[in-house]
Amino acid sequence: MTIRLRAHHLLCLLTYVGKGYSPAFTANYDAIAERLSRGEDILLVSGPDDVCAPLLDEPELHCLNDSVIERDRLAARDVGVLLARPIRAGARLSLDAATLASLRAAFSAGVTREACQGCEWASLCTIVAAGGYRDVRVPTL
Ligand code: SF4
């Protein structure tokens, strides 16, 4: 199986601790986090992905907003530079321990956080990173 992710969710999964928009959203995210933790492959997509799925019927859908698409662009740019590989729709990636450690080190250093500007979860993500990623659902093994 393959998990479909949009680029900025490569950052969000680093600090996911089980909090989110709704119980359905976090239940779905928990299942994805477990699959990612088992090393399942990621397919990069543009626009709404497997994490967004429970939100797609909501009237106030933000997943298609220009600001979120810009978030993807910035995350793809910075993660691509960090990992020295193109992060774009159609690319495949797997999160081994070294990749997760590299992503988390860069996130903590602020190298990949331009994409987080204006995000309502930014404070929580900063706290999780500052706490050494304790209790994250996709741990660095
Ligand atoms: S601040 Fe927002 S965009 Fe950045 S990692 Fe956290 S949830 Fe994702």
# chains A, B, ... in the order shown; residues from 1 in each chain; ligands from 1
call {"tool": "residues_near_ligand", "arguments": {"ligand": "ligand 1", "cutoff": "9 Å", "atoms": "only C-alpha atoms and all ligand atoms", "output": "JSON, numbers by chain"}}
result
{"A": [8, 9, 10, 11, 12, 13, 14, 15, 16, 20, 68, 71, 72, 75, 107, 112, 113, 114, 115, 116, 117, 118, 119, 120, 121, 122, 123, 124, 125, 126]}
call {"tool": "write_last_selection", "arguments": {"atoms": "N, CA, C and O atoms", "output": "short mmCIF file (atom, residue, chain, number, x, y, z; two decimals), in the first residue's frame"}}
result
data_model
loop_
_atom_site.label_atom_id
_atom_site.label_comp_id
_atom_site.auth_asym_id
_atom_site.auth_seq_id
_atom_site.Cartn_x
_atom_site.Cartn_y
_atom_site.Cartn_z
N HIS A 8 3.29 19.59 2.22
CA HIS A 8 3.47 20.17 3.56
C HIS A 8 3.16 19.16 4.66
O HIS A 8 3.60 19.35 5.80
N HIS A 9 2.50 18.09 4.34
CA HIS A 9 2.26 17.06 5.35
C HIS A 9 3.52 16.26 5.68
O HIS A 9 3.56 15.56 6.70
N LEU A 10 4.57 16.42 4.87
CA LEU A 10 5.87 15.85 5.24
C LEU A 10 6.44 16.57 6.47
O LEU A 10 7.28 16.02 7.18
N LEU A 11 5.98 17.79 6.69
CA LEU A 11 6.36 18.51 7.91
C LEU A 11 5.40 18.20 9.04
O LEU A 11 5.81 17.91 10.17
N CYS A 12 4.11 18.23 8.73
CA CYS A 12 3.11 18.04 9.78
C CYS A 12 3.24 16.69 10.49
O CYS A 12 3.01 16.60 11.70
N LEU A 13 3.61 15.67 9.74
CA LEU A 13 3.69 14.34 10.36
C LEU A 13 4.81 14.27 11.40
O LEU A 13 4.80 13.40 12.27
N LEU A 14 5.76 15.21 11.32
CA LEU A 14 6.89 15.20 12.27
C LEU A 14 6.45 15.53 13.68
O LEU A 14 7.07 15.09 14.65
N THR A 15 5.40 16.35 13.79
CA THR A 15 4.96 16.84 15.10
C THR A 15 3.55 16.36 15.47
O THR A 15 2.98 16.85 16.45
N TYR A 16 3.01 15.45 14.69
CA TYR A 16 1.64 15.00 14.96
C TYR A 16 1.60 14.21 16.28
O TYR A 16 2.27 13.19 16.43
N GLY A 20 -6.05 17.41 16.20
CA GLY A 20 -6.44 17.80 14.86
C GLY A 20 -7.82 18.40 14.83
O GLY A 20 -8.38 18.74 15.88
N VAL A 68 -2.88 27.21 1.38
CA VAL A 68 -2.44 25.84 1.66
C VAL A 68 -1.61 25.31 0.48
O VAL A 68 -0.62 24.59 0.67
N ARG A 71 1.66 26.67 0.94
CA ARG A 71 2.33 25.91 2.00
C ARG A 71 3.00 24.68 1.40
O ARG A 71 4.13 24.33 1.76
N ASP A 72 2.29 24.02 0.50
CA ASP A 72 2.88 22.86 -0.18
C ASP A 72 4.12 23.25 -0.98
O ASP A 72 5.13 22.54 -0.97
N ALA A 75 7.05 23.93 1.38
CA ALA A 75 7.52 22.69 2.00
C ALA A 75 8.27 21.84 0.97
O ALA A 75 9.34 21.28 1.27
N PHE A 107 13.58 20.80 10.91
CA PHE A 107 12.37 21.45 11.43
C PHE A 107 12.70 22.21 12.72
O PHE A 107 12.33 23.37 12.89
N THR A 112 13.05 24.43 7.62
CA THR A 112 11.92 24.04 6.75
C THR A 112 10.61 24.67 7.22
O THR A 112 9.54 24.19 6.82
N ARG A 113 10.68 25.71 8.02
CA ARG A 113 9.43 26.20 8.64
C ARG A 113 8.79 27.40 7.95
O ARG A 113 7.80 27.91 8.45
N GLU A 114 9.31 27.83 6.84
CA GLU A 114 8.64 28.93 6.15
C GLU A 114 7.22 28.50 5.76
O GLU A 114 6.28 29.30 5.77
N ALA A 115 7.06 27.22 5.46
CA ALA A 115 5.74 26.71 5.08
C ALA A 115 4.73 26.82 6.22
O ALA A 115 3.52 26.79 5.98
N CYS A 116 5.19 26.93 7.44
CA CYS A 116 4.30 26.95 8.61
C CYS A 116 3.71 28.33 8.89
O CYS A 116 2.84 28.45 9.76
N GLN A 117 4.17 29.34 8.18
CA GLN A 117 3.69 30.69 8.46
C GLN A 117 2.18 30.78 8.30
O GLN A 117 1.63 30.35 7.28
N GLY A 118 1.51 31.30 9.33
CA GLY A 118 0.07 31.47 9.28
C GLY A 118 -0.72 30.23 9.64
O GLY A 118 -1.95 30.28 9.68
N CYS A 119 -0.06 29.14 9.96
CA CYS A 119 -0.78 27.91 10.30
C CYS A 119 -1.27 27.99 11.75
O CYS A 119 -0.53 28.36 12.65
N GLU A 120 -2.52 27.59 11.95
CA GLU A 120 -3.09 27.68 13.29
C GLU A 120 -2.45 26.71 14.28
O GLU A 120 -2.61 26.85 15.50
N TRP A 121 -1.73 25.73 13.78
CA TRP A 121 -1.10 24.73 14.64
C TRP A 121 0.37 25.05 14.94
O TRP A 121 1.06 24.26 15.59
N ALA A 122 0.84 26.18 14.46
CA ALA A 122 2.28 26.47 14.54
C ALA A 122 2.82 26.45 15.97
O ALA A 122 3.91 25.94 16.21
N SER A 123 2.05 27.00 16.91
CA SER A 123 2.54 27.03 18.30
C SER A 123 2.70 25.62 18.85
O SER A 123 3.70 25.31 19.50
N LEU A 124 1.70 24.78 18.59
CA LEU A 124 1.79 23.40 19.07
C LEU A 124 3.00 22.70 18.45
O LEU A 124 3.75 22.00 19.15
N CYS A 125 3.19 22.88 17.15
CA CYS A 125 4.31 22.21 16.48
C CYS A 125 5.64 22.69 17.04
O CYS A 125 6.58 21.90 17.20
N THR A 126 5.73 23.98 17.36
CA THR A 126 6.95 24.52 17.96
C THR A 126 7.19 23.89 19.33
O THR A 126 8.32 23.53 19.68
#
call {"tool": "closest_residue", "arguments": {"among": "A:Met1, A:Gly80, A:Val17, A:Thr26", "to": "Leu43 of chain A", "atoms": "only C-alpha atoms"}}
result
A:Met1
call {"tool": "select_by_dssp", "arguments": {"residues": "segment 44-139 of chain A", "states": "strand (DSSP E)", "output": "ChimeraX atom specification"}}
result
/A:44-45,92-93
call {"tool": "closest_residue", "arguments": {"among": "A:Leu5, A:Leu56, A:Val51, A:Val45", "to": "Ala27 of chain A", "atoms": "only C-alpha atoms"}}
result
A:Val51
call {"tool": "atom_distance", "arguments": {"atom1": "atom CA of Asn65 of chain A", "atom2": "atom CA of Ala109 of chain A"}}
result
27.4 Å
call {"tool": "closest_residue", "arguments": {"among": "A:Ala98, A:Ile69, A:Leu44, A:Ala53", "to": "Leu141 of chain A", "atoms": "only C-alpha atoms"}}
result
A:Ala98
call {"tool": "residues_around", "arguments": {"residues": "Asp135 of chain A", "least_positions_apart": "3", "cutoff": "12 Å", "atoms": "only C-alpha atoms", "output": "ChimeraX atom specification"}}
result
/A:14-19,127-129,131-132,138-140
call {"tool": "write_last_selection", "arguments": {"atoms": "N, CA and C atoms", "output": "PDB file, in the first residue's frame"}}
result
ATOM      1  N   LEU A  14       5.758  15.212  11.323  1.00  0.00           N
ATOM      2  CA  LEU A  14       6.888  15.198  12.267  1.00  0.00           C
ATOM      3  C   LEU A  14       6.449  15.533  13.683  1.00  0.00           C
ATOM      4  N   THR A  15       5.396  16.345  13.786  1.00  0.00           N
ATOM      5  CA  THR A  15       4.962  16.839  15.101  1.00  0.00           C
ATOM      6  C   THR A  15       3.552  16.363  15.465  1.00  0.00           C
ATOM      7  N   TYR A  16       3.015  15.453  14.692  1.00  0.00           N
ATOM      8  CA  TYR A  16       1.637  15.003  14.965  1.00  0.00           C
ATOM      9  C   TYR A  16       1.597  14.210  16.280  1.00  0.00           C
ATOM     10  N   VAL A  17       0.796  14.699  17.205  1.00  0.00           N
ATOM     11  CA  VAL A  17       0.688  14.052  18.518  1.00  0.00           C
ATOM     12  C   VAL A  17      -0.755  13.636  18.818  1.00  0.00           C
ATOM     13  N   GLY A  18      -1.555  13.524  17.773  1.00  0.00           N
ATOM     14  CA  GLY A  18      -2.928  13.061  17.960  1.00  0.00           C
ATOM     15  C   GLY A  18      -3.948  14.179  18.065  1.00  0.00           C
ATOM     16  N   LYS A  19      -3.515  15.411  17.808  1.00  0.00           N
ATOM     17  CA  LYS A  19      -4.461  16.532  17.845  1.00  0.00           C
ATOM     18  C   LYS A  19      -4.774  16.970  16.419  1.00  0.00           C
ATOM     19  N   ILE A 127       6.128  23.730  20.112  1.00  0.00           N
ATOM     20  CA  ILE A 127       6.246  23.127  21.447  1.00  0.00           C
ATOM     21  C   ILE A 127       6.681  21.665  21.335  1.00  0.00           C
ATOM     22  N   VAL A 128       6.076  20.948  20.398  1.00  0.00           N
ATOM     23  CA  VAL A 128       6.432  19.527  20.221  1.00  0.00           C
ATOM     24  C   VAL A 128       7.902  19.396  19.823  1.00  0.00           C
ATOM     25  N   ALA A 129       8.337  20.245  18.901  1.00  0.00           N
ATOM     26  CA  ALA A 129       9.736  20.191  18.462  1.00  0.00           C
ATOM     27  C   ALA A 129      10.671  20.537  19.620  1.00  0.00           C
ATOM     28  N   GLY A 131      10.206  20.112  22.648  1.00  0.00           N
ATOM     29  CA  GLY A 131      10.177  19.041  23.636  1.00  0.00           C
ATOM     30  C   GLY A 131      10.836  17.759  23.155  1.00  0.00           C
ATOM     31  N   GLY A 132      11.506  17.833  22.029  1.00  0.00           N
ATOM     32  CA  GLY A 132      12.230  16.657  21.543  1.00  0.00           C
ATOM     33  C   GLY A 132      11.340  15.629  20.869  1.00  0.00           C
ATOM     34  N   VAL A 138       4.490   9.415  14.783  1.00  0.00           N
ATOM     35  CA  VAL A 138       5.442   8.809  13.836  1.00  0.00           C
ATOM     36  C   VAL A 138       6.835   9.016  14.456  1.00  0.00           C
ATOM     37  N   PRO A 139       7.236   8.107  15.324  1.00  0.00           N
ATOM     38  CA  PRO A 139       8.500   8.313  16.038  1.00  0.00           C
ATOM     39  C   PRO A 139       9.711   8.074  15.149  1.00  0.00           C
ATOM     40  N   THR A 140      10.815   8.701  15.525  1.00  0.00           N
ATOM     41  CA  THR A 140      12.089   8.388  14.889  1.00  0.00           C
ATOM     42  C   THR A 140      12.654   7.165  15.597  1.00  0.00           C
TER      43      THR A 140
END
call {"tool": "closest_residue", "arguments": {"among": "A:Arg4, A:Arg134, A:Arg73, A:Arg38", "to": "Ile87 of chain A", "atoms": "only C-alpha atoms"}}
result
A:Arg73
call {"tool": "closest_residue", "arguments": {"among": "A:Leu36, A:Leu55, A:Leu82, A:Glu60", "to": "Pro23 of chain A", "atoms": "only C-alpha atoms"}}
result
A:Leu55
call {"tool": "atom_distance", "arguments": {"atom1": "atom CA of Ala33 of chain A", "atom2": "atom CA of Ile3 of chain A"}}
result
9.9 Å
call {"tool": "decode", "arguments": {"residues": "segment 57-84 of chain A", "atoms": "N, CA and C atoms", "output": "compact mmCIF listing (two decimals), in the first residue's frame"}}
result
# COMPACT_ATOMS: atom_id res chain seq x y z
N ASP A 57 -15.71 16.68 2.97
CA ASP A 57 -17.15 16.94 2.90
C ASP A 57 -17.56 18.15 3.71
N GLU A 58 -16.61 18.79 4.37
CA GLU A 58 -16.96 19.90 5.26
C GLU A 58 -17.21 21.17 4.46
N PRO A 59 -18.18 21.97 4.90
CA PRO A 59 -18.51 23.19 4.14
C PRO A 59 -17.36 24.19 4.11
N GLU A 60 -16.58 24.25 5.22
CA GLU A 60 -15.49 25.22 5.27
C GLU A 60 -14.17 24.55 4.89
N LEU A 61 -14.16 23.93 3.76
CA LEU A 61 -12.98 23.18 3.32
C LEU A 61 -11.82 24.15 3.05
N HIS A 62 -10.70 23.93 3.75
CA HIS A 62 -9.55 24.83 3.54
C HIS A 62 -8.47 24.16 2.70
N CYS A 63 -8.63 22.86 2.41
CA CYS A 63 -7.56 22.09 1.77
C CYS A 63 -7.22 22.58 0.35
N LEU A 64 -8.13 23.32 -0.25
CA LEU A 64 -7.90 23.82 -1.61
C LEU A 64 -7.53 25.29 -1.64
N ASN A 65 -7.42 25.91 -0.46
CA ASN A 65 -7.11 27.34 -0.40
C ASN A 65 -5.73 27.64 -0.99
N ASP A 66 -5.62 28.83 -1.57
CA ASP A 66 -4.33 29.25 -2.12
C ASP A 66 -3.23 29.20 -1.07
N SER A 67 -3.59 29.58 0.17
CA SER A 67 -2.57 29.61 1.22
C SER A 67 -2.03 28.20 1.52
N VAL A 68 -2.88 27.21 1.38
CA VAL A 68 -2.44 25.84 1.66
C VAL A 68 -1.61 25.31 0.48
N ILE A 69 -1.99 25.71 -0.71
CA ILE A 69 -1.21 25.32 -1.88
C ILE A 69 0.18 25.97 -1.83
N GLU A 70 0.22 27.21 -1.36
CA GLU A 70 1.52 27.87 -1.17
C GLU A 70 2.33 27.16 -0.08
N ARG A 71 1.66 26.67 0.94
CA ARG A 71 2.33 25.91 2.00
C ARG A 71 3.00 24.68 1.40
N ASP A 72 2.29 24.02 0.50
CA ASP A 72 2.88 22.86 -0.18
C ASP A 72 4.12 23.25 -0.98
N ARG A 73 4.01 24.37 -1.68
CA ARG A 73 5.13 24.80 -2.53
C ARG A 73 6.38 25.06 -1.68
N LEU A 74 6.19 25.75 -0.57
CA LEU A 74 7.34 26.07 0.29
C LEU A 74 7.92 24.81 0.94
N ALA A 75 7.05 23.93 1.38
CA ALA A 75 7.52 22.69 2.00
C ALA A 75 8.27 21.84 0.97
N ALA A 76 7.72 21.74 -0.23
CA ALA A 76 8.38 20.94 -1.29
C ALA A 76 9.76 21.52 -1.60
N ARG A 77 9.82 22.82 -1.67
CA ARG A 77 11.12 23.47 -1.95
C ARG A 77 12.14 23.13 -0.86
N ASP A 78 11.75 23.33 0.40
CA ASP A 78 12.72 23.20 1.49
C ASP A 78 13.05 21.74 1.80
N VAL A 79 12.06 20.88 1.73
CA VAL A 79 12.34 19.45 1.97
C VAL A 79 13.15 18.89 0.81
N GLY A 80 12.86 19.37 -0.39
CA GLY A 80 13.63 18.92 -1.56
C GLY A 80 15.10 19.27 -1.44
N VAL A 81 15.38 20.49 -1.00
CA VAL A 81 16.77 20.90 -0.81
C VAL A 81 17.41 20.06 0.29
N LEU A 82 16.68 19.88 1.38
CA LEU A 82 17.22 19.12 2.51
C LEU A 82 17.57 17.68 2.12
N LEU A 83 16.66 17.05 1.43
CA LEU A 83 16.86 15.63 1.09
C LEU A 83 17.58 15.44 -0.25
N ALA A 84 17.85 16.56 -0.92
CA ALA A 84 18.55 16.52 -2.21
C ALA A 84 17.83 15.64 -3.21
